[in-house]
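Printed here is final-v9.txt (compact mmCIF, N, CA and C atoms):
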# COMPACT_ATOMS: atom_id res chain seq x y z
N MET A 1 7.29 13.68 128.09
CA MET A 1 7.16 15.11 127.94
C MET A 1 7.72 15.51 126.59
N SER A 2 7.04 16.37 125.92
CA SER A 2 7.45 16.82 124.60
C SER A 2 8.02 18.22 124.67
N LEU A 3 8.99 18.52 123.82
CA LEU A 3 9.49 19.88 123.71
C LEU A 3 8.53 20.75 122.92
N PHE A 4 7.57 20.14 122.28
CA PHE A 4 6.63 20.86 121.44
C PHE A 4 5.29 21.00 122.15
N ASN A 5 4.85 22.22 122.36
CA ASN A 5 3.53 22.50 122.91
C ASN A 5 2.79 23.37 121.90
N ASN A 6 1.58 23.01 121.59
CA ASN A 6 0.79 23.77 120.63
C ASN A 6 1.56 23.97 119.33
N SER A 7 2.24 22.91 118.88
CA SER A 7 3.00 22.92 117.63
C SER A 7 4.13 23.93 117.61
N SER A 8 4.66 24.30 118.77
CA SER A 8 5.74 25.27 118.83
C SER A 8 6.91 24.68 119.58
N CYS A 9 8.10 24.80 119.01
CA CYS A 9 9.28 24.32 119.73
C CYS A 9 9.58 25.23 120.90
N CYS A 10 9.00 26.41 120.91
CA CYS A 10 9.29 27.39 121.95
C CYS A 10 8.33 27.32 123.11
N GLY A 11 7.54 26.25 123.19
CA GLY A 11 6.67 26.05 124.34
C GLY A 11 5.40 26.87 124.24
N GLY A 12 4.89 27.24 125.36
CA GLY A 12 3.65 27.99 125.41
C GLY A 12 2.68 27.27 126.32
N ASP A 13 1.50 27.82 126.43
CA ASP A 13 0.50 27.21 127.28
C ASP A 13 -0.01 25.92 126.66
N THR A 14 -0.25 24.94 127.49
CA THR A 14 -0.90 23.71 127.04
C THR A 14 -2.37 23.87 127.31
N ALA A 15 -3.17 24.05 126.33
CA ALA A 15 -4.60 24.31 126.43
C ALA A 15 -4.89 25.69 127.00
N GLY A 16 -3.87 26.56 127.06
CA GLY A 16 -4.08 27.93 127.46
C GLY A 16 -4.25 28.17 128.95
N THR A 17 -4.22 27.14 129.78
CA THR A 17 -4.47 27.36 131.20
C THR A 17 -3.37 26.84 132.11
N THR A 18 -2.57 25.89 131.65
CA THR A 18 -1.53 25.35 132.53
C THR A 18 -0.19 25.41 131.83
N ARG A 19 0.84 25.39 132.64
CA ARG A 19 2.20 25.36 132.11
C ARG A 19 2.95 24.22 132.77
N GLU A 20 3.85 23.62 132.02
CA GLU A 20 4.73 22.62 132.61
C GLU A 20 5.72 23.34 133.50
N LYS A 21 6.19 22.68 134.56
CA LYS A 21 7.07 23.33 135.52
C LYS A 21 8.40 23.75 134.89
N SER A 22 9.08 22.86 134.22
CA SER A 22 10.36 23.20 133.61
C SER A 22 10.46 22.54 132.25
N LYS A 23 10.64 23.36 131.25
CA LYS A 23 10.76 22.84 129.89
C LYS A 23 12.19 22.99 129.38
N CYS A 24 13.08 23.51 130.20
CA CYS A 24 14.45 23.76 129.76
C CYS A 24 15.31 22.53 129.98
N THR A 25 14.91 21.43 129.37
CA THR A 25 15.68 20.21 129.49
C THR A 25 16.25 19.88 128.12
N GLY A 26 17.16 18.97 128.10
CA GLY A 26 17.78 18.58 126.84
C GLY A 26 19.21 19.07 126.78
N CYS A 27 19.96 18.50 125.88
CA CYS A 27 21.40 18.77 125.85
C CYS A 27 21.72 20.21 125.47
N VAL A 28 20.99 20.82 124.55
CA VAL A 28 21.30 22.19 124.14
C VAL A 28 21.04 23.17 125.27
N CYS A 29 19.90 23.06 125.93
CA CYS A 29 19.59 23.97 127.04
C CYS A 29 20.60 23.81 128.17
N GLU A 30 20.93 22.57 128.50
CA GLU A 30 21.90 22.33 129.57
C GLU A 30 23.28 22.86 129.19
N LEU A 31 23.69 22.64 127.96
CA LEU A 31 24.99 23.13 127.52
C LEU A 31 25.03 24.66 127.55
N LEU A 32 23.98 25.31 127.09
CA LEU A 32 23.93 26.77 127.13
C LEU A 32 24.00 27.28 128.57
N ASN A 33 23.32 26.60 129.47
CA ASN A 33 23.38 26.97 130.87
C ASN A 33 24.81 26.87 131.40
N GLN A 34 25.46 25.77 131.06
CA GLN A 34 26.83 25.59 131.53
C GLN A 34 27.79 26.59 130.91
N LEU A 35 27.66 26.86 129.61
CA LEU A 35 28.55 27.81 128.95
C LEU A 35 28.33 29.22 129.48
N ALA A 36 27.08 29.63 129.62
CA ALA A 36 26.77 30.99 130.05
C ALA A 36 27.11 31.23 131.51
N ASN A 37 26.99 30.22 132.32
CA ASN A 37 27.16 30.38 133.75
C ASN A 37 28.46 29.76 134.26
N ASN A 38 29.40 29.51 133.35
CA ASN A 38 30.74 28.99 133.68
C ASN A 38 30.69 27.78 134.61
N ARG A 39 29.80 26.84 134.28
CA ARG A 39 29.70 25.62 135.08
C ARG A 39 30.24 24.41 134.33
N MET A 40 30.88 24.62 133.19
CA MET A 40 31.34 23.52 132.35
C MET A 40 32.56 22.86 132.97
N ASN A 41 32.50 21.54 133.11
CA ASN A 41 33.66 20.77 133.51
C ASN A 41 34.37 20.34 132.23
N GLY A 42 35.62 20.67 132.11
CA GLY A 42 36.35 20.35 130.89
C GLY A 42 36.62 21.62 130.10
N ASN A 43 36.96 21.47 128.84
CA ASN A 43 37.36 22.62 128.05
C ASN A 43 36.57 22.70 126.74
N LEU A 44 35.26 22.78 126.84
CA LEU A 44 34.45 22.96 125.65
C LEU A 44 34.52 24.43 125.27
N CYS A 45 34.71 24.70 124.00
CA CYS A 45 34.92 26.07 123.52
C CYS A 45 36.14 26.63 124.24
N ALA A 46 36.05 27.80 124.80
CA ALA A 46 37.19 28.42 125.48
C ALA A 46 36.75 28.80 126.88
N MET A 47 36.81 27.87 127.78
CA MET A 47 36.30 28.09 129.13
C MET A 47 36.96 29.30 129.77
N GLY A 48 36.16 30.05 130.52
CA GLY A 48 36.67 31.24 131.20
C GLY A 48 36.49 32.49 130.37
N ALA A 49 36.30 32.36 129.07
CA ALA A 49 36.10 33.52 128.21
C ALA A 49 34.65 33.53 127.77
N GLN A 50 34.19 34.68 127.25
CA GLN A 50 32.85 34.70 126.69
C GLN A 50 32.83 33.74 125.52
N GLN A 51 31.79 32.93 125.47
CA GLN A 51 31.70 31.89 124.45
C GLN A 51 31.14 32.46 123.15
N VAL A 52 31.80 32.12 122.05
CA VAL A 52 31.33 32.49 120.72
C VAL A 52 30.86 31.21 120.04
N VAL A 53 29.61 31.23 119.56
CA VAL A 53 29.01 30.04 118.99
C VAL A 53 28.20 30.38 117.75
N ARG A 54 27.94 29.37 116.96
CA ARG A 54 26.96 29.44 115.87
C ARG A 54 25.79 28.58 116.32
N LEU A 55 24.58 28.98 115.95
CA LEU A 55 23.38 28.26 116.37
C LEU A 55 22.69 27.63 115.18
N VAL A 56 22.20 26.42 115.37
CA VAL A 56 21.40 25.74 114.37
C VAL A 56 20.01 25.56 114.99
N LEU A 57 19.01 26.17 114.36
CA LEU A 57 17.66 26.09 114.88
C LEU A 57 17.00 24.78 114.48
N LYS A 58 16.02 24.35 115.24
CA LYS A 58 15.27 23.14 114.92
C LYS A 58 14.68 23.28 113.53
N GLY A 59 14.80 22.22 112.75
CA GLY A 59 14.26 22.20 111.39
C GLY A 59 15.19 22.78 110.35
N ALA A 60 16.30 23.37 110.77
CA ALA A 60 17.24 23.98 109.82
C ALA A 60 18.32 22.97 109.45
N ASP A 61 18.91 23.16 108.27
CA ASP A 61 19.99 22.28 107.85
C ASP A 61 21.32 23.02 107.78
N ARG A 62 21.33 24.25 108.30
CA ARG A 62 22.57 25.02 108.33
C ARG A 62 22.51 26.02 109.48
N GLY A 63 23.64 26.62 109.80
CA GLY A 63 23.71 27.58 110.88
C GLY A 63 22.88 28.82 110.59
N LEU A 64 22.37 29.44 111.63
CA LEU A 64 21.51 30.61 111.52
C LEU A 64 22.29 31.83 111.04
N ASP A 65 21.80 32.47 109.98
CA ASP A 65 22.36 33.72 109.47
C ASP A 65 21.32 34.80 109.69
N VAL A 66 21.50 35.63 110.72
CA VAL A 66 20.49 36.65 111.03
C VAL A 66 20.64 37.90 110.18
N THR A 67 21.69 37.98 109.37
CA THR A 67 21.86 39.16 108.52
C THR A 67 20.96 39.11 107.30
N GLY A 68 20.45 37.93 106.97
CA GLY A 68 19.56 37.81 105.83
C GLY A 68 20.26 37.81 104.50
N GLY A 69 21.56 37.80 104.49
CA GLY A 69 22.31 37.86 103.25
C GLY A 69 22.63 36.50 102.66
N GLY A 70 22.24 35.42 103.33
CA GLY A 70 22.52 34.08 102.84
C GLY A 70 23.98 33.69 102.97
N GLY A 71 24.72 34.43 103.77
CA GLY A 71 26.14 34.15 103.95
C GLY A 71 26.38 33.10 105.01
N PRO A 72 27.58 33.11 105.55
CA PRO A 72 27.91 32.13 106.59
C PRO A 72 27.10 32.37 107.85
N ALA A 73 27.06 31.38 108.70
CA ALA A 73 26.29 31.46 109.94
C ALA A 73 26.82 32.61 110.80
N THR A 74 25.89 33.28 111.47
CA THR A 74 26.24 34.37 112.37
C THR A 74 26.98 33.82 113.58
N GLU A 75 28.00 34.52 114.01
CA GLU A 75 28.76 34.13 115.19
C GLU A 75 28.27 34.96 116.37
N PHE A 76 27.66 34.28 117.33
CA PHE A 76 27.06 34.93 118.49
C PHE A 76 27.96 34.82 119.70
N THR A 77 28.00 35.86 120.51
CA THR A 77 28.66 35.82 121.80
C THR A 77 27.58 35.62 122.86
N ILE A 78 27.74 34.59 123.68
CA ILE A 78 26.76 34.30 124.72
C ILE A 78 26.90 35.34 125.83
N VAL A 79 25.80 36.01 126.14
CA VAL A 79 25.77 37.01 127.20
C VAL A 79 25.23 36.39 128.48
N SER A 80 24.08 35.70 128.37
CA SER A 80 23.49 35.07 129.55
C SER A 80 22.49 34.01 129.13
N PHE A 81 22.17 33.15 130.09
CA PHE A 81 21.15 32.14 129.90
C PHE A 81 20.41 31.97 131.21
N ASP A 82 19.08 31.97 131.17
CA ASP A 82 18.27 31.78 132.36
C ASP A 82 17.58 30.42 132.27
N PRO A 83 18.00 29.46 133.09
CA PRO A 83 17.42 28.11 133.01
C PRO A 83 15.96 28.05 133.46
N LYS A 84 15.46 29.09 134.11
CA LYS A 84 14.05 29.10 134.52
C LYS A 84 13.13 29.50 133.37
N THR A 85 13.61 30.41 132.52
CA THR A 85 12.77 30.90 131.42
C THR A 85 13.19 30.32 130.07
N CYS A 86 14.33 29.63 130.02
CA CYS A 86 14.89 29.06 128.80
C CYS A 86 15.44 30.12 127.85
N CYS A 87 15.59 31.36 128.32
CA CYS A 87 16.02 32.45 127.46
C CYS A 87 17.55 32.55 127.37
N LEU A 88 18.01 32.53 126.13
CA LEU A 88 19.42 32.73 125.83
C LEU A 88 19.57 34.13 125.26
N VAL A 89 20.45 34.94 125.85
CA VAL A 89 20.74 36.28 125.34
C VAL A 89 22.12 36.24 124.70
N VAL A 90 22.18 36.68 123.44
CA VAL A 90 23.43 36.69 122.69
C VAL A 90 23.58 38.04 122.00
N THR A 91 24.81 38.34 121.59
CA THR A 91 25.06 39.52 120.77
C THR A 91 25.84 39.10 119.54
N HIS A 92 25.77 39.93 118.51
CA HIS A 92 26.62 39.74 117.34
C HIS A 92 26.89 41.11 116.74
N ARG A 93 27.93 41.20 115.94
CA ARG A 93 28.32 42.46 115.32
C ARG A 93 27.75 42.57 113.92
N GLU A 94 27.23 43.74 113.60
CA GLU A 94 26.83 44.09 112.24
C GLU A 94 27.46 45.45 111.96
N GLY A 95 28.56 45.43 111.23
CA GLY A 95 29.32 46.67 111.01
C GLY A 95 29.86 47.17 112.33
N ASN A 96 29.51 48.42 112.67
CA ASN A 96 29.96 49.00 113.94
C ASN A 96 28.95 48.80 115.06
N ASP A 97 27.84 48.15 114.77
CA ASP A 97 26.77 47.97 115.75
C ASP A 97 26.86 46.61 116.43
N THR A 98 26.50 46.58 117.70
CA THR A 98 26.34 45.32 118.42
C THR A 98 24.85 45.09 118.57
N ILE A 99 24.39 43.97 118.04
CA ILE A 99 22.98 43.61 118.05
C ILE A 99 22.75 42.55 119.12
N THR A 100 21.73 42.76 119.94
CA THR A 100 21.36 41.80 120.97
C THR A 100 20.14 41.02 120.51
N SER A 101 20.19 39.70 120.69
CA SER A 101 19.06 38.83 120.33
C SER A 101 18.75 37.92 121.50
N VAL A 102 17.49 37.48 121.58
CA VAL A 102 17.07 36.55 122.62
C VAL A 102 16.45 35.34 121.93
N PHE A 103 16.89 34.14 122.34
CA PHE A 103 16.39 32.89 121.78
C PHE A 103 15.86 32.02 122.91
N ASP A 104 14.91 31.18 122.58
CA ASP A 104 14.43 30.15 123.49
C ASP A 104 15.28 28.90 123.20
N CYS A 105 15.97 28.37 124.20
CA CYS A 105 16.88 27.26 123.97
C CYS A 105 16.18 26.04 123.39
N ARG A 106 14.88 25.93 123.62
CA ARG A 106 14.14 24.77 123.11
C ARG A 106 13.95 24.83 121.60
N CYS A 107 14.27 25.97 121.00
CA CYS A 107 14.17 26.12 119.54
C CYS A 107 15.51 25.89 118.85
N ILE A 108 16.53 25.59 119.62
CA ILE A 108 17.87 25.39 119.09
C ILE A 108 18.19 23.91 119.15
N CYS A 109 18.65 23.34 118.02
CA CYS A 109 18.99 21.91 118.04
C CYS A 109 20.49 21.68 117.99
N GLY A 110 21.28 22.72 117.74
CA GLY A 110 22.72 22.51 117.67
C GLY A 110 23.50 23.77 118.01
N ILE A 111 24.69 23.54 118.57
CA ILE A 111 25.62 24.62 118.90
C ILE A 111 26.97 24.25 118.32
N VAL A 112 27.57 25.20 117.61
CA VAL A 112 28.91 24.99 117.06
C VAL A 112 29.82 26.01 117.72
N CYS A 113 30.84 25.53 118.45
CA CYS A 113 31.79 26.43 119.08
C CYS A 113 32.68 27.06 118.02
N VAL A 114 32.91 28.36 118.15
CA VAL A 114 33.82 29.07 117.25
C VAL A 114 35.16 29.16 117.97
N PRO A 115 36.19 28.54 117.40
CA PRO A 115 37.49 28.57 118.08
C PRO A 115 38.08 29.97 118.10
N SER A 116 38.86 30.23 119.13
CA SER A 116 39.51 31.52 119.27
C SER A 116 41.01 31.34 118.99
N ARG A 117 41.56 32.24 118.20
CA ARG A 117 42.99 32.20 117.90
C ARG A 117 43.59 33.55 118.27
N ASN A 118 44.46 33.55 119.28
CA ASN A 118 45.11 34.77 119.74
C ASN A 118 44.08 35.85 120.07
N GLY A 119 42.97 35.43 120.68
CA GLY A 119 41.95 36.38 121.07
C GLY A 119 41.02 36.80 119.97
N LEU A 120 41.24 36.33 118.74
CA LEU A 120 40.38 36.69 117.62
C LEU A 120 39.54 35.49 117.22
N THR A 121 38.35 35.76 116.75
CA THR A 121 37.47 34.70 116.30
C THR A 121 37.98 34.14 114.99
N ALA A 122 37.97 32.81 114.87
CA ALA A 122 38.42 32.16 113.65
C ALA A 122 37.42 32.44 112.53
N PRO A 123 37.86 32.39 111.28
CA PRO A 123 36.94 32.60 110.17
C PRO A 123 35.84 31.55 110.17
N SER A 124 34.66 31.97 109.71
CA SER A 124 33.51 31.08 109.67
C SER A 124 33.67 30.02 108.59
N VAL A 125 33.37 28.78 108.94
CA VAL A 125 33.39 27.70 107.94
C VAL A 125 32.04 27.04 107.83
N LEU A 126 31.11 27.40 108.72
CA LEU A 126 29.77 26.81 108.69
C LEU A 126 28.90 27.68 107.81
N GLY A 127 28.25 27.08 106.83
CA GLY A 127 27.43 27.86 105.93
C GLY A 127 26.08 28.17 106.45
Entire entry expressed as C-alpha cells:
Amino acid sequence: MSLFNNSSCCGGDTAGTTREKSKCTGCVCELLNQLANNRMNGNLCAMGAQQVVRLVLKGADRGLDVTGGGGPATEFTIVSFDPKTCCLVVTHREGNDTITSVFDCRCICGIVCVPSRNGLTAPSVLG
C-alpha cells in the first residue's frame, strides 16, 4: 500500500471511484494520534499537557513556516487528531491572533517536540 494516491501525499480517490479503508498508517500519523489523544506510553514531549510541535512536510528540508517570512519553523499546539480522517487540527499564534490550521497526517514526514520550560515554550532552534 502506498501513501501516495494520484500523485498526492494527502490521498484521494484511486481512479475516482474507490477509497482505501484506512490510510492513516505510519509513524507520524500514529504518533499524532497518541499525542492528541493522550495515549502515549512514556514521556515524549510533555505528556498530560497540550503538545507543542514543529512539523516537517514531505519533500521539505526544514520545518514548516506558515508565516511566509522565511523565519524559524512555526510552533503548533496540537488541538485534535482524527485517526479515521487523518486530520490534524493545530493552532499557532500570529501577534494577538490564534490561527487554526488543518493538516493531513500523511503529508507530514517529521515532528519535532518543542520543550516546555516553566510553562513557556522554548525558543525555536529549527529553521
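The gap separating atom C of A:Leu55 from atom CA of A:Thr67 is 13.3 Å, in Å to one decimal.
Considering only C-alpha atoms, the residue among A:Val102, A:Cys87, A:Asn37, A:Val112 positioned nearest to A:Thr74 is A:Val112.
Omitting A:His92 and its sequence neighbours fewer than 6 positions away, and counting all atoms listed in the file, the residues within 8 Å are Thr74, Glu75, Phe76, Thr77, Ile78, Thr98, Ile99, Thr100 and Ser101 of chain A.
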I'd like to know which of A:Pro115, A:Val79, A:Thr85, A:Ala73 is closest to A:Val56, using only C-alpha atoms. A:Ala73
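If you look at atom C of A:Asp65 and atom C of A:Cys24, they are 24.5 Å away from each other.
Summary of the local environment: counting only C-alpha atoms, residues at most 7 Å from A:Leu88, other than itself and those fewer than 6 positions away along its chain, are A:Ser80, A:Phe81, A:Asp82, A:Val102, A:Phe103, A:Asp104, A:Cys105.
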Within 6.5 Å of A:Cys109, counting all atoms listed in the file, which residues qualify if same-chain residues fewer than 5 places away don't, as a PyMOL selection string? chain A and resi 28+56-58
Kindly give the distance, in Å, that separates atom C of A:Leu32 and atom N of A:Pro83, rounded to a single decimal. 7.8 Å
